[in-house]
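As stored in data-v2.cif (mmCIF, C-alpha atoms and all ligand atoms):
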data_input
#
loop_
_atom_site.label_atom_id
_atom_site.label_comp_id
_atom_site.auth_asym_id
_atom_site.auth_seq_id
_atom_site.Cartn_x
_atom_site.Cartn_y
_atom_site.Cartn_z
CA MET A 1 116.18 75.19 99.09
CA ILE A 2 113.00 74.27 97.25
CA ILE A 3 113.03 70.95 95.37
CA SER A 4 111.14 71.40 92.13
CA GLY A 5 109.34 68.18 91.32
CA LYS A 6 108.25 69.85 88.14
CA GLU A 7 111.82 70.32 86.91
CA LEU A 8 113.11 66.97 88.14
CA SER A 9 110.17 65.12 86.58
CA ALA A 10 110.70 66.97 83.29
CA ARG A 11 114.32 65.78 83.21
CA MET A 12 113.25 62.22 83.99
CA LYS A 13 110.63 62.30 81.25
CA SER A 14 113.04 63.59 78.64
CA ASP A 15 115.57 60.88 79.56
CA MET A 16 112.82 58.27 79.29
CA ALA A 17 111.67 59.69 75.95
CA ALA A 18 115.16 59.10 74.55
CA GLN A 19 115.12 55.55 75.93
CA VAL A 20 111.63 54.75 74.59
CA ALA A 21 112.49 56.17 71.15
CA GLU A 22 114.72 53.11 70.66
CA PHE A 23 112.05 50.58 71.64
CA PRO A 24 110.30 50.17 68.26
CA GLU A 25 113.57 49.07 66.69
CA LYS A 26 114.64 46.95 69.69
CA TYR A 27 111.31 45.41 70.67
CA GLY A 28 108.93 46.14 67.82
CA ARG A 29 106.70 48.51 69.80
CA VAL A 30 106.46 51.02 72.64
CA PRO A 31 105.09 50.31 76.15
CA HIS A 32 101.32 50.55 76.58
CA LEU A 33 99.71 51.84 79.77
CA ALA A 34 95.99 51.35 80.39
CA VAL A 35 94.45 53.73 82.95
CA VAL A 36 90.98 53.01 84.29
CA LEU A 37 88.99 55.92 85.71
CA VAL A 38 85.67 55.21 87.40
CA GLY A 39 83.38 58.21 87.88
CA ASP A 40 84.21 61.88 87.41
CA ASP A 41 85.85 63.11 90.60
CA PRO A 42 87.59 66.33 89.44
CA ALA A 43 90.88 65.57 91.20
CA SER A 44 91.02 62.06 89.71
CA VAL A 45 90.20 63.42 86.25
CA SER A 46 93.04 65.93 86.62
CA TYR A 47 95.57 63.27 87.72
CA VAL A 48 94.55 60.86 84.99
CA THR A 49 94.85 63.64 82.41
CA GLY A 50 98.35 64.33 83.76
CA LYS A 51 99.22 60.67 83.29
CA ALA A 52 98.03 60.73 79.66
CA LYS A 53 100.02 63.92 78.95
CA ALA A 54 103.18 62.47 80.50
CA SER A 55 102.73 59.29 78.46
CA GLU A 56 102.65 61.39 75.32
CA VAL A 57 105.85 63.23 76.30
CA VAL A 58 107.66 59.97 77.04
CA GLY A 59 106.31 58.16 73.97
CA ILE A 60 104.30 55.59 75.90
CA LYS A 61 100.98 54.52 74.43
CA ASN A 62 98.19 55.48 76.83
CA THR A 63 94.63 54.23 76.80
CA THR A 64 92.40 55.88 79.36
CA ILE A 65 89.23 53.91 79.92
CA ARG A 66 86.40 55.81 81.58
CA ARG A 67 83.44 54.14 83.22
CA PRO A 68 80.49 55.66 85.10
CA ALA A 69 80.52 55.77 88.92
CA ASP A 70 77.69 53.24 89.05
CA ILE A 71 79.62 50.49 87.22
CA SER A 72 79.23 47.23 89.15
CA GLU A 73 82.20 45.60 90.83
CA ALA A 74 81.74 42.55 88.59
CA GLU A 75 81.85 44.70 85.45
CA LEU A 76 85.01 46.45 86.62
CA LEU A 77 86.67 43.13 87.48
CA SER A 78 85.80 41.78 84.04
CA LEU A 79 87.25 44.92 82.40
CA ILE A 80 90.48 44.25 84.32
CA ASP A 81 90.46 40.59 83.26
CA GLY A 82 90.31 41.75 79.65
CA LEU A 83 93.30 44.06 80.15
CA ASN A 84 95.22 41.30 81.95
CA ALA A 85 94.66 38.99 78.98
CA ASP A 86 95.58 41.63 76.40
CA GLU A 87 99.16 40.88 75.29
CA GLY A 88 99.49 44.44 74.00
CA VAL A 89 98.92 46.02 77.42
CA ASP A 90 102.01 46.28 79.65
CA GLY A 91 100.71 48.34 82.55
CA ILE A 92 97.32 48.67 84.23
CA LEU A 93 96.40 51.43 86.67
CA VAL A 94 92.99 51.74 88.30
CA GLN A 95 92.76 55.28 89.63
CA LEU A 96 91.81 55.43 93.32
CA PRO A 97 89.64 56.13 95.19
CA LEU A 98 86.83 53.95 93.81
CA PRO A 99 83.12 54.38 94.58
CA LYS A 100 82.13 52.88 97.94
CA HIS A 101 80.20 49.92 96.48
CA ILE A 102 83.41 48.58 94.91
CA SER A 103 86.06 46.78 96.96
CA GLU A 104 89.41 48.46 96.29
CA ALA A 105 91.18 45.45 97.72
CA LYS A 106 89.48 43.11 95.24
CA VAL A 107 90.21 45.39 92.32
CA ILE A 108 93.86 45.84 93.27
CA ALA A 109 94.33 42.09 93.66
CA ALA A 110 92.64 41.48 90.28
CA VAL A 111 95.33 43.34 88.33
CA ASP A 112 97.97 40.96 86.98
CA LYS A 113 101.01 41.37 89.22
CA SER A 114 103.32 41.79 86.20
CA LYS A 115 101.18 44.71 84.93
CA ASP A 116 100.75 46.37 88.34
CA VAL A 117 102.48 49.70 87.61
CA ASP A 118 101.23 51.11 90.94
CA GLY A 119 102.94 48.43 93.01
CA PHE A 120 99.71 47.99 94.99
CA HIS A 121 99.11 44.28 94.34
CA PRO A 122 99.50 42.22 97.55
CA LEU A 123 102.35 40.24 95.99
CA ASN A 124 104.18 43.45 95.06
CA VAL A 125 103.61 44.81 98.56
CA ALA A 126 104.98 41.60 100.04
CA ALA A 127 107.99 41.75 97.72
CA LEU A 128 108.67 45.36 98.78
CA TRP A 129 108.57 44.45 102.48
CA GLN A 130 110.82 41.44 101.87
CA LYS A 131 113.32 43.52 99.86
CA GLN A 132 112.78 41.44 96.74
CA GLU A 133 112.51 42.73 93.18
CA CYS A 134 109.22 44.58 92.91
CA THR A 135 107.44 47.54 91.39
CA GLU A 136 107.83 50.36 93.89
CA PRO A 137 104.71 52.51 94.43
CA CYS A 138 104.99 55.73 92.41
CA THR A 139 104.66 58.40 95.11
CA PRO A 140 107.12 56.83 97.59
CA LYS A 141 109.58 56.19 94.75
CA GLY A 142 109.26 59.81 93.66
CA ILE A 143 109.91 61.03 97.20
CA ILE A 144 113.16 59.07 97.50
CA ARG A 145 114.21 60.44 94.08
CA MET A 146 113.59 64.00 95.25
CA LEU A 147 115.60 63.49 98.42
CA LYS A 148 118.51 62.00 96.47
CA SER A 149 118.40 64.69 93.80
CA ALA A 150 118.67 67.34 96.51
CA GLY A 151 121.69 65.54 97.98
CA VAL A 152 119.87 64.82 101.23
CA GLN A 153 121.61 62.17 103.29
CA ILE A 154 119.02 59.64 104.43
CA SER A 155 121.22 57.05 106.09
CA GLY A 156 121.30 57.40 109.86
CA LYS A 157 118.77 60.26 109.86
CA ARG A 158 115.53 60.39 111.82
CA ALA A 159 112.59 60.27 109.43
CA VAL A 160 109.03 60.89 110.57
CA VAL A 161 106.22 59.93 108.21
CA VAL A 162 102.85 61.44 109.06
CA GLY A 163 100.16 59.20 107.56
CA ARG A 164 99.85 55.43 107.30
CA SER A 165 98.07 54.81 103.99
CA ASN A 166 98.82 51.84 101.77
CA ILE A 167 99.57 54.23 98.89
CA VAL A 168 102.05 56.57 100.59
CA GLY A 169 102.67 56.37 104.35
CA LEU A 170 103.48 52.69 104.75
CA PRO A 171 105.55 52.20 101.57
CA VAL A 172 107.53 55.45 101.95
CA ALA A 173 108.36 54.42 105.52
CA LYS A 174 109.69 51.11 104.16
CA LEU A 175 111.75 52.80 101.42
CA LEU A 176 113.23 55.22 103.99
CA LEU A 177 114.06 52.25 106.20
CA ASP A 178 115.76 50.59 103.22
CA GLU A 179 117.85 53.78 102.91
CA ASN A 180 118.89 53.25 106.55
CA ALA A 181 116.83 56.03 108.11
CA THR A 182 115.39 55.55 111.59
CA VAL A 183 111.69 55.74 110.83
CA THR A 184 108.69 56.75 112.91
CA ILE A 185 105.18 56.52 111.50
CA ALA A 186 102.81 59.04 113.09
CA HIS A 187 99.10 59.38 112.38
CA SER A 188 95.80 60.86 113.53
CA ARG A 189 95.92 59.06 116.90
CA THR A 190 99.51 59.98 117.70
CA ALA A 191 99.69 61.69 121.08
CA ASP A 192 101.37 65.10 121.01
CA LEU A 193 102.13 64.98 117.29
CA PRO A 194 104.20 68.21 117.28
CA SER A 195 106.68 66.72 119.74
CA VAL A 196 107.08 63.73 117.40
CA THR A 197 107.40 65.71 114.16
CA ARG A 198 109.96 67.99 115.82
CA THR A 199 112.30 65.00 116.15
CA ALA A 200 112.43 64.64 112.36
CA ASP A 201 115.50 65.33 110.26
CA ILE A 202 113.28 64.29 107.34
CA LEU A 203 109.54 64.92 107.66
CA VAL A 204 107.18 63.35 105.12
CA VAL A 205 103.58 64.49 105.41
CA ALA A 206 100.76 62.58 103.73
CA ILE A 207 97.54 63.11 105.63
CA GLY A 208 95.37 65.14 103.25
CA LYS A 209 94.64 68.08 105.55
CA PRO A 210 95.31 71.54 104.11
CA ARG A 211 98.16 73.37 105.90
CA PHE A 212 98.02 70.95 108.83
CA VAL A 213 101.73 71.10 109.57
CA THR A 214 102.72 74.45 111.02
CA ALA A 215 106.13 75.97 111.74
CA ASP A 216 106.13 74.88 115.40
CA MET A 217 105.99 71.24 114.27
CA ILE A 218 109.23 71.48 112.30
CA SER A 219 112.72 71.53 113.73
CA ASP A 220 115.28 74.00 112.40
CA GLY A 221 116.97 72.72 109.27
CA ALA A 222 114.61 69.79 108.70
CA VAL A 223 113.89 68.41 105.24
CA VAL A 224 110.14 68.65 104.59
CA ILE A 225 108.36 66.59 101.93
CA ASP A 226 104.73 67.61 101.40
CA VAL A 227 102.64 64.90 99.75
CA GLY A 228 99.26 66.59 100.24
CA VAL A 229 97.33 67.96 97.30
CA ASN A 230 94.36 69.83 98.75
CA ARG A 231 92.06 72.63 97.74
CA ASP A 232 92.42 75.57 100.08
CA PRO A 233 88.93 75.90 101.61
CA GLU A 234 89.12 79.71 101.38
CA THR A 235 90.87 80.47 98.09
CA GLY A 236 90.07 77.23 96.22
CA LYS A 237 93.73 77.06 95.16
CA LEU A 238 95.89 73.93 95.49
CA CYS A 239 97.82 73.66 98.73
CA GLY A 240 99.76 71.02 100.59
CA ASP A 241 99.49 69.44 104.03
CA VAL A 242 102.25 71.82 105.14
CA ASP A 243 101.86 75.54 105.69
CA PHE A 244 104.55 76.33 103.13
CA ALA A 245 104.97 80.03 103.88
CA ALA A 246 105.60 79.31 107.56
CA ALA A 247 107.64 76.15 107.05
CA GLU A 248 109.94 77.54 104.39
CA SER A 249 111.96 79.61 106.84
CA LYS A 250 112.58 76.67 109.20
CA ALA A 251 113.23 73.91 106.69
CA SER A 252 116.59 73.49 104.96
CA VAL A 253 114.88 71.75 102.05
CA ILE A 254 111.16 71.73 101.23
CA THR A 255 108.87 70.64 98.41
CA PRO A 256 106.15 72.92 97.02
CA VAL A 257 102.52 72.14 96.18
CA PRO A 258 101.75 72.20 93.30
CA GLY A 259 104.93 71.29 91.45
CA GLY A 260 106.44 69.00 94.07
CA VAL A 261 105.65 65.37 94.77
CA GLY A 262 102.64 65.21 92.36
CA PRO A 263 104.62 65.48 89.12
CA MET A 264 107.20 63.02 90.52
CA THR A 265 104.44 60.47 91.10
CA ILE A 266 103.56 60.67 87.44
CA ALA A 267 107.19 60.48 86.27
CA CYS A 268 107.70 57.37 88.41
CA LEU A 269 104.55 55.87 86.92
CA MET A 270 106.18 56.27 83.50
CA GLU A 271 109.31 54.54 84.84
CA ASN A 272 107.26 51.69 86.27
CA THR A 273 105.45 51.24 82.96
CA ILE A 274 108.79 51.00 81.16
CA GLU A 275 110.05 48.53 83.81
CA CYS A 276 107.00 46.28 83.38
CA PHE A 277 107.43 46.43 79.60
CA LEU A 278 111.14 45.58 79.76
CA ARG A 279 110.60 42.68 82.20
CA LYS A 280 108.18 41.23 79.66
CA MET A 281 110.50 41.79 76.70
CA LYS A 282 113.61 40.33 78.37
N1 LIG B 301 95.87 53.93 91.42
N2 LIG B 301 95.46 55.99 92.36
C1 LIG B 301 96.32 55.13 91.83
N3 LIG B 301 97.64 55.41 91.67
C2 LIG B 301 98.13 56.62 92.07
O1 LIG B 301 99.43 56.88 91.98
C3 LIG B 301 97.25 57.56 92.60
N4 LIG B 301 97.64 58.83 92.96
C4 LIG B 301 97.02 59.44 94.14
C5 LIG B 301 95.50 59.33 93.97
N5 LIG B 301 95.08 58.06 93.41
C6 LIG B 301 95.90 57.21 92.77
C7 LIG B 301 98.01 59.79 92.11
O2 LIG B 301 98.29 59.59 90.94
C8 LIG B 301 97.52 60.86 94.04
N6 LIG B 301 98.05 60.99 92.72
C9 LIG B 301 98.49 62.21 92.16
C10 LIG B 301 99.04 62.29 90.89
C11 LIG B 301 99.43 63.49 90.34
C12 LIG B 301 99.30 64.64 91.05
C13 LIG B 301 98.78 64.58 92.32
C14 LIG B 301 98.37 63.38 92.86
C15 LIG B 301 99.72 65.93 90.41
O3 LIG B 301 100.17 65.93 89.30
N7 LIG B 301 99.57 67.05 91.12
C16 LIG B 301 99.91 68.35 90.58
C17 LIG B 301 98.67 69.23 90.53
C18 LIG B 301 97.58 68.63 89.72
C19 LIG B 301 96.34 69.48 89.65
O4 LIG B 301 96.45 70.61 89.16
O5 LIG B 301 95.28 69.01 90.08
C20 LIG B 301 100.96 68.96 91.45
O6 LIG B 301 101.70 69.81 90.96
O7 LIG B 301 101.03 68.61 92.63
#
For the file at hand, write its structure as C-alpha cells.
Amino acid sequence: MIISGKELSARMKSDMAAQVAEFPEKYGRVPHLAVVLVGDDPASVSYVTGKAKASEVVGIKNTTIRRPADISEAELLSLIDGLNADEGVDGILVQLPLPKHISEAKVIAAVDKSKDVDGFHPLNVAALWQKQECTEPCTPKGIIRMLKSAGVQISGKRAVVVGRSNIVGLPVAKLLLDENATVTIAHSRTADLPSVTRTADILVVAIGKPRFVTADMISDGAVVIDVGVNRDPETGKLCGDVDFAAAESKASVITPVPGGVGPMTIACLMENTIECFLRKMK
C-alpha cells in the first residue's frame, strides 16, 4: 500500500477551507501567515511557493517576504520583531536553512512563541518534550497523520528513526513515543545501521541522502516513511532517502517521493496557522 500524501493533504486542505470560510463572520478576518525567505535556494523557493499556494486553497492570507542572501542577522531579527509586533500577523515562518553568517538558533528564538507555526521555538520544543500544549512541528505531525490515515498501529511497535535533526528526527521520535512506540534513533554514526533498521516495524528516514535505504535494510512487512526530498544525481528528478522501487516489494506500507511527506508538511503548516489564529481569538 502506498500512502498518498498528495491526496491526504488535499482532503485536509479542503476541510480547512470550509472551516476558514466561516472565520470572517466569526472573527472578523482570516488567519495571516508570514513566510520569510532569505536568498534564492531553488528548493526553498519551491517549498515556499507551495506554502503560498496551499494558503490560497485554504483561504489563509499569505505574505511571503523575500530578502537577499546577504541580509545581515540584525536586519533579519528586526524584520521578525516587526512581524511579532504586527497584530494582523498570526503565524511567522522563517524558511530554513539560512545563510551561514546568520544564527538559525537566534532567529528561531526571536519569533514570538505564539506565532511560531513551525514549532521550532525553544519554548515550543520544551512544551513538546514535556507533553504540554504546543505547536507540533509540521513534518513530524504530518508523518503521524499519514500513519493514522493508513490504519497503522503505532502503539507497542518498534519504530526506528534514521536522522536526528531538530526539524524532523528528534520531534518525530518524540511523537512516536507519545503514541507508545518503542523508539530507536539511528544516525550517521550508528554502527551496523542495516541491522538496526531491520528491527523496525515502522521505519522513518530523514537523512537527506538519495536512495540511501536499500531493500536489505527493511524487514518484510515494515511501514516505511520517506522524509527525504533529494535530486537524483543522475536524472535530476526528485527522489527520497529510500530506494522506492526496491523497498516497495518488502514494505507493507510506504510513502512516495514526491507526493508523500512533503505535501503533508505543508498541510500541517496550514493547520498550525489556524491553531495559532484560534488561540489568539479565543
Ligand atoms: N522553517 N524550514 C522551515 N519550516 C519547514 O517546515 C521547512 N521544511 C523543510 C525545509 N525547511 C523548512 C519544509 O517546508 C522541508 N520542507 C518541505 C516542504 C514541502 C515539500 C518538501 C519539503 C514538498 O512539498 N515537496 C514536494 C515536492 C516539491 C518540489 O517539487 O520541489 C513533494 O511532493 O515531496
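With all atoms listed in the file taken into account, every residue lying no more than 10 Å from the file point (112.5, 77.8, 104.5) is included here: Met1, Ile2, Ala215, Asp220, Gly221, Ala222, Val223, Val224, Phe244, Ala245, Ala246, Ala247, Glu248, Ser249, Lys250, Ala251, Ser252, Val253 and Ile254 of chain A.
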task = Counting all atoms listed in the file, name the residues that have an atom within 7 Å of an atom of ligand LIG 301 (chain B); the answer should be given as a ChimeraX atom specification.
result = /A:43-44,46-47,50,93-97,118,138-139,229,257-263,265-266
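Closest to Val57 of chain A among A:Asn166, A:Ser9, A:Ser149, A:Ser103 is A:Ser9, based on all atoms listed in the file.
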Need the axis-aligned box for segment 252-267 of chain A with 5 Å each side, so what are the centre and edges in Å to one decimal, as lines of an AutoDock Vina configuration file?
center_x = 109.2
center_y = 67.0
center_z = 95.6
size_x = 24.8
size_y = 23.0
size_z = 28.7
I'd like the neighbourhood of Ser188 of chain A as a tab-separated table (two decimals) with C-alpha atoms, in the coordinates of the input, where a residue qualifies if any of its atoms comes within 9 Å (using all atoms listed in the file), though same-chain residues fewer than 6 positions away should be ignored.
chain	number	residue	atom	x	y	z
A	162	VAL	CA	102.85	61.44	109.06
A	163	GLY	CA	100.16	59.20	107.56
A	207	ILE	CA	97.54	63.11	105.63
note = From the list A:Cys276, A:Met281, A:Met217, A:Val196, the nearest residue to Gly119 of chain A using all atoms listed in the file is A:Cys276
From A:Val152, A:Leu147, A:Leu203, A:Leu176, residue lying nearest Leu8 of chain A [all atoms listed in the file] = A:Leu147
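For Ala54 of chain A, the non-local neighbours within 12 Å, defined as residues at least 4 positions apart in the same chain or in other chains and counting all atoms listed in the file, are Lys6, Ser9, Ala10, Arg11, Met12, Lys13, Ser14, Met16, Ala17, Leu33, Tyr47, Val48, Thr49, Gly50, Val58, Gly59, Ile60, Lys61, Asn62, Pro263, Met264, Thr265, Ile266, Ala267, Cys268, Leu269, Met270, Glu271 and Thr273 of chain A.
For the pair atom CA of Pro137 of chain A and atom CA of Ala74 of chain A, the separation is 25.7 Å.
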So that I can look at just that part, could you write segment 181-210 of chain A with N, CA, C and O atoms, as a tab-separated table (two decimals), in the first residue's frame?
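Output saved as decode.tsv:
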chain	number	residue	atom	x	y	z
A	181	ALA	N	5.05	3.93	20.81
A	181	ALA	CA	6.01	3.09	20.08
A	181	ALA	C	7.26	2.95	20.94
A	181	ALA	O	7.50	3.76	21.84
A	182	THR	N	8.04	1.91	20.65
A	182	THR	CA	9.38	1.78	21.25
A	182	THR	C	10.34	2.34	20.21
A	182	THR	O	10.45	1.80	19.11
A	183	VAL	N	10.99	3.44	20.57
A	183	VAL	CA	11.68	4.23	19.54
A	183	VAL	C	13.20	4.14	19.64
A	183	VAL	O	13.77	4.28	20.71
A	184	THR	N	13.83	3.92	18.51
A	184	THR	CA	15.29	3.99	18.38
A	184	THR	C	15.62	5.12	17.42
A	184	THR	O	14.98	5.24	16.38
A	185	ILE	N	16.57	5.95	17.79
A	185	ILE	CA	17.04	6.98	16.87
A	185	ILE	C	18.42	6.56	16.36
A	185	ILE	O	19.37	6.41	17.14
A	186	ALA	N	18.52	6.35	15.06
A	186	ALA	CA	19.79	5.98	14.43
A	186	ALA	C	20.29	7.16	13.61
A	186	ALA	O	19.51	8.07	13.30
A	187	HIS	N	21.55	7.17	13.28
A	187	HIS	CA	22.14	8.33	12.60
A	187	HIS	C	23.43	7.92	11.90
A	187	HIS	O	23.77	6.73	11.85
A	188	SER	N	24.17	8.92	11.43
A	188	SER	CA	25.35	8.64	10.59
A	188	SER	C	26.44	7.86	11.32
A	188	SER	O	27.27	7.21	10.70
A	189	ARG	N	26.46	7.93	12.65
A	189	ARG	CA	27.50	7.20	13.40
A	189	ARG	C	27.01	5.87	13.95
A	189	ARG	O	27.72	5.20	14.69
A	190	THR	N	25.78	5.50	13.64
A	190	THR	CA	25.26	4.23	14.13
A	190	THR	C	26.06	3.08	13.52
A	190	THR	O	26.26	3.04	12.31
A	191	ALA	N	26.52	2.18	14.40
A	191	ALA	CA	27.26	1.01	13.92
A	191	ALA	C	26.28	0.01	13.32
A	191	ALA	O	25.22	-0.23	13.90
A	192	ASP	N	26.65	-0.55	12.20
A	192	ASP	CA	25.83	-1.56	11.51
A	192	ASP	C	24.37	-1.11	11.40
A	192	ASP	O	23.45	-1.76	11.91
A	193	LEU	N	24.18	0.01	10.71
A	193	LEU	CA	22.84	0.59	10.55
A	193	LEU	C	21.81	-0.41	10.00
A	193	LEU	O	20.68	-0.47	10.52
A	194	PRO	N	22.16	-1.22	8.98
A	194	PRO	CA	21.15	-2.15	8.45
A	194	PRO	C	20.58	-3.08	9.51
A	194	PRO	O	19.39	-3.38	9.50
A	195	SER	N	21.43	-3.51	10.46
A	195	SER	CA	20.91	-4.43	11.48
A	195	SER	C	19.94	-3.69	12.42
A	195	SER	O	19.06	-4.30	13.02
A	196	VAL	N	20.10	-2.39	12.53
A	196	VAL	CA	19.18	-1.60	13.37
A	196	VAL	C	17.87	-1.34	12.61
A	196	VAL	O	16.78	-1.55	13.15
A	197	THR	N	18.00	-0.90	11.36
A	197	THR	CA	16.78	-0.58	10.60
A	197	THR	C	15.92	-1.83	10.37
A	197	THR	O	14.70	-1.72	10.28
A	198	ARG	N	16.58	-2.98	10.31
A	198	ARG	CA	15.83	-4.23	10.10
A	198	ARG	C	14.96	-4.59	11.30
A	198	ARG	O	14.07	-5.43	11.19
A	199	THR	N	15.21	-3.97	12.45
A	199	THR	CA	14.36	-4.26	13.62
A	199	THR	C	13.06	-3.45	13.58
A	199	THR	O	12.20	-3.61	14.44
A	200	ALA	N	12.94	-2.55	12.61
A	200	ALA	CA	11.82	-1.60	12.62
A	200	ALA	C	10.52	-2.20	12.08
A	200	ALA	O	10.49	-2.77	11.00
A	201	ASP	N	9.45	-2.03	12.87
A	201	ASP	CA	8.10	-2.23	12.32
A	201	ASP	C	7.72	-0.98	11.54
A	201	ASP	O	7.02	-1.04	10.54
A	202	ILE	N	8.16	0.17	12.08
A	202	ILE	CA	7.93	1.46	11.42
A	202	ILE	C	9.29	2.12	11.24
A	202	ILE	O	10.01	2.34	12.22
A	203	LEU	N	9.65	2.40	9.99
A	203	LEU	CA	10.95	3.00	9.69
A	203	LEU	C	10.74	4.40	9.11
A	203	LEU	O	10.09	4.54	8.08
A	204	VAL	N	11.27	5.40	9.81
A	204	VAL	CA	11.15	6.78	9.33
A	204	VAL	C	12.55	7.24	8.94
A	204	VAL	O	13.48	7.19	9.75
A	205	VAL	N	12.71	7.66	7.70
A	205	VAL	CA	14.04	8.00	7.21
A	205	VAL	C	14.11	9.48	6.84
A	205	VAL	O	13.38	9.95	5.97
A	206	ALA	N	15.00	10.20	7.53
A	206	ALA	CA	15.16	11.64	7.30
A	206	ALA	C	16.64	11.98	7.41
A	206	ALA	O	17.11	12.54	8.41
A	207	ILE	N	17.38	11.62	6.37
A	207	ILE	CA	18.82	11.87	6.41
A	207	ILE	C	19.31	12.71	5.23
A	207	ILE	O	20.42	13.22	5.24
A	208	GLY	N	18.48	12.83	4.19
A	208	GLY	CA	18.86	13.66	3.05
A	208	GLY	C	19.92	13.05	2.15
A	208	GLY	O	20.78	13.76	1.62
A	209	LYS	N	19.88	11.73	2.01
A	209	LYS	CA	20.81	11.07	1.07
A	209	LYS	C	19.99	10.25	0.07
A	209	LYS	O	19.32	9.29	0.46
A	210	PRO	N	20.08	10.60	-1.21
A	210	PRO	CA	19.25	9.94	-2.21
A	210	PRO	C	19.39	8.42	-2.20
A	210	PRO	O	20.50	7.91	-2.26
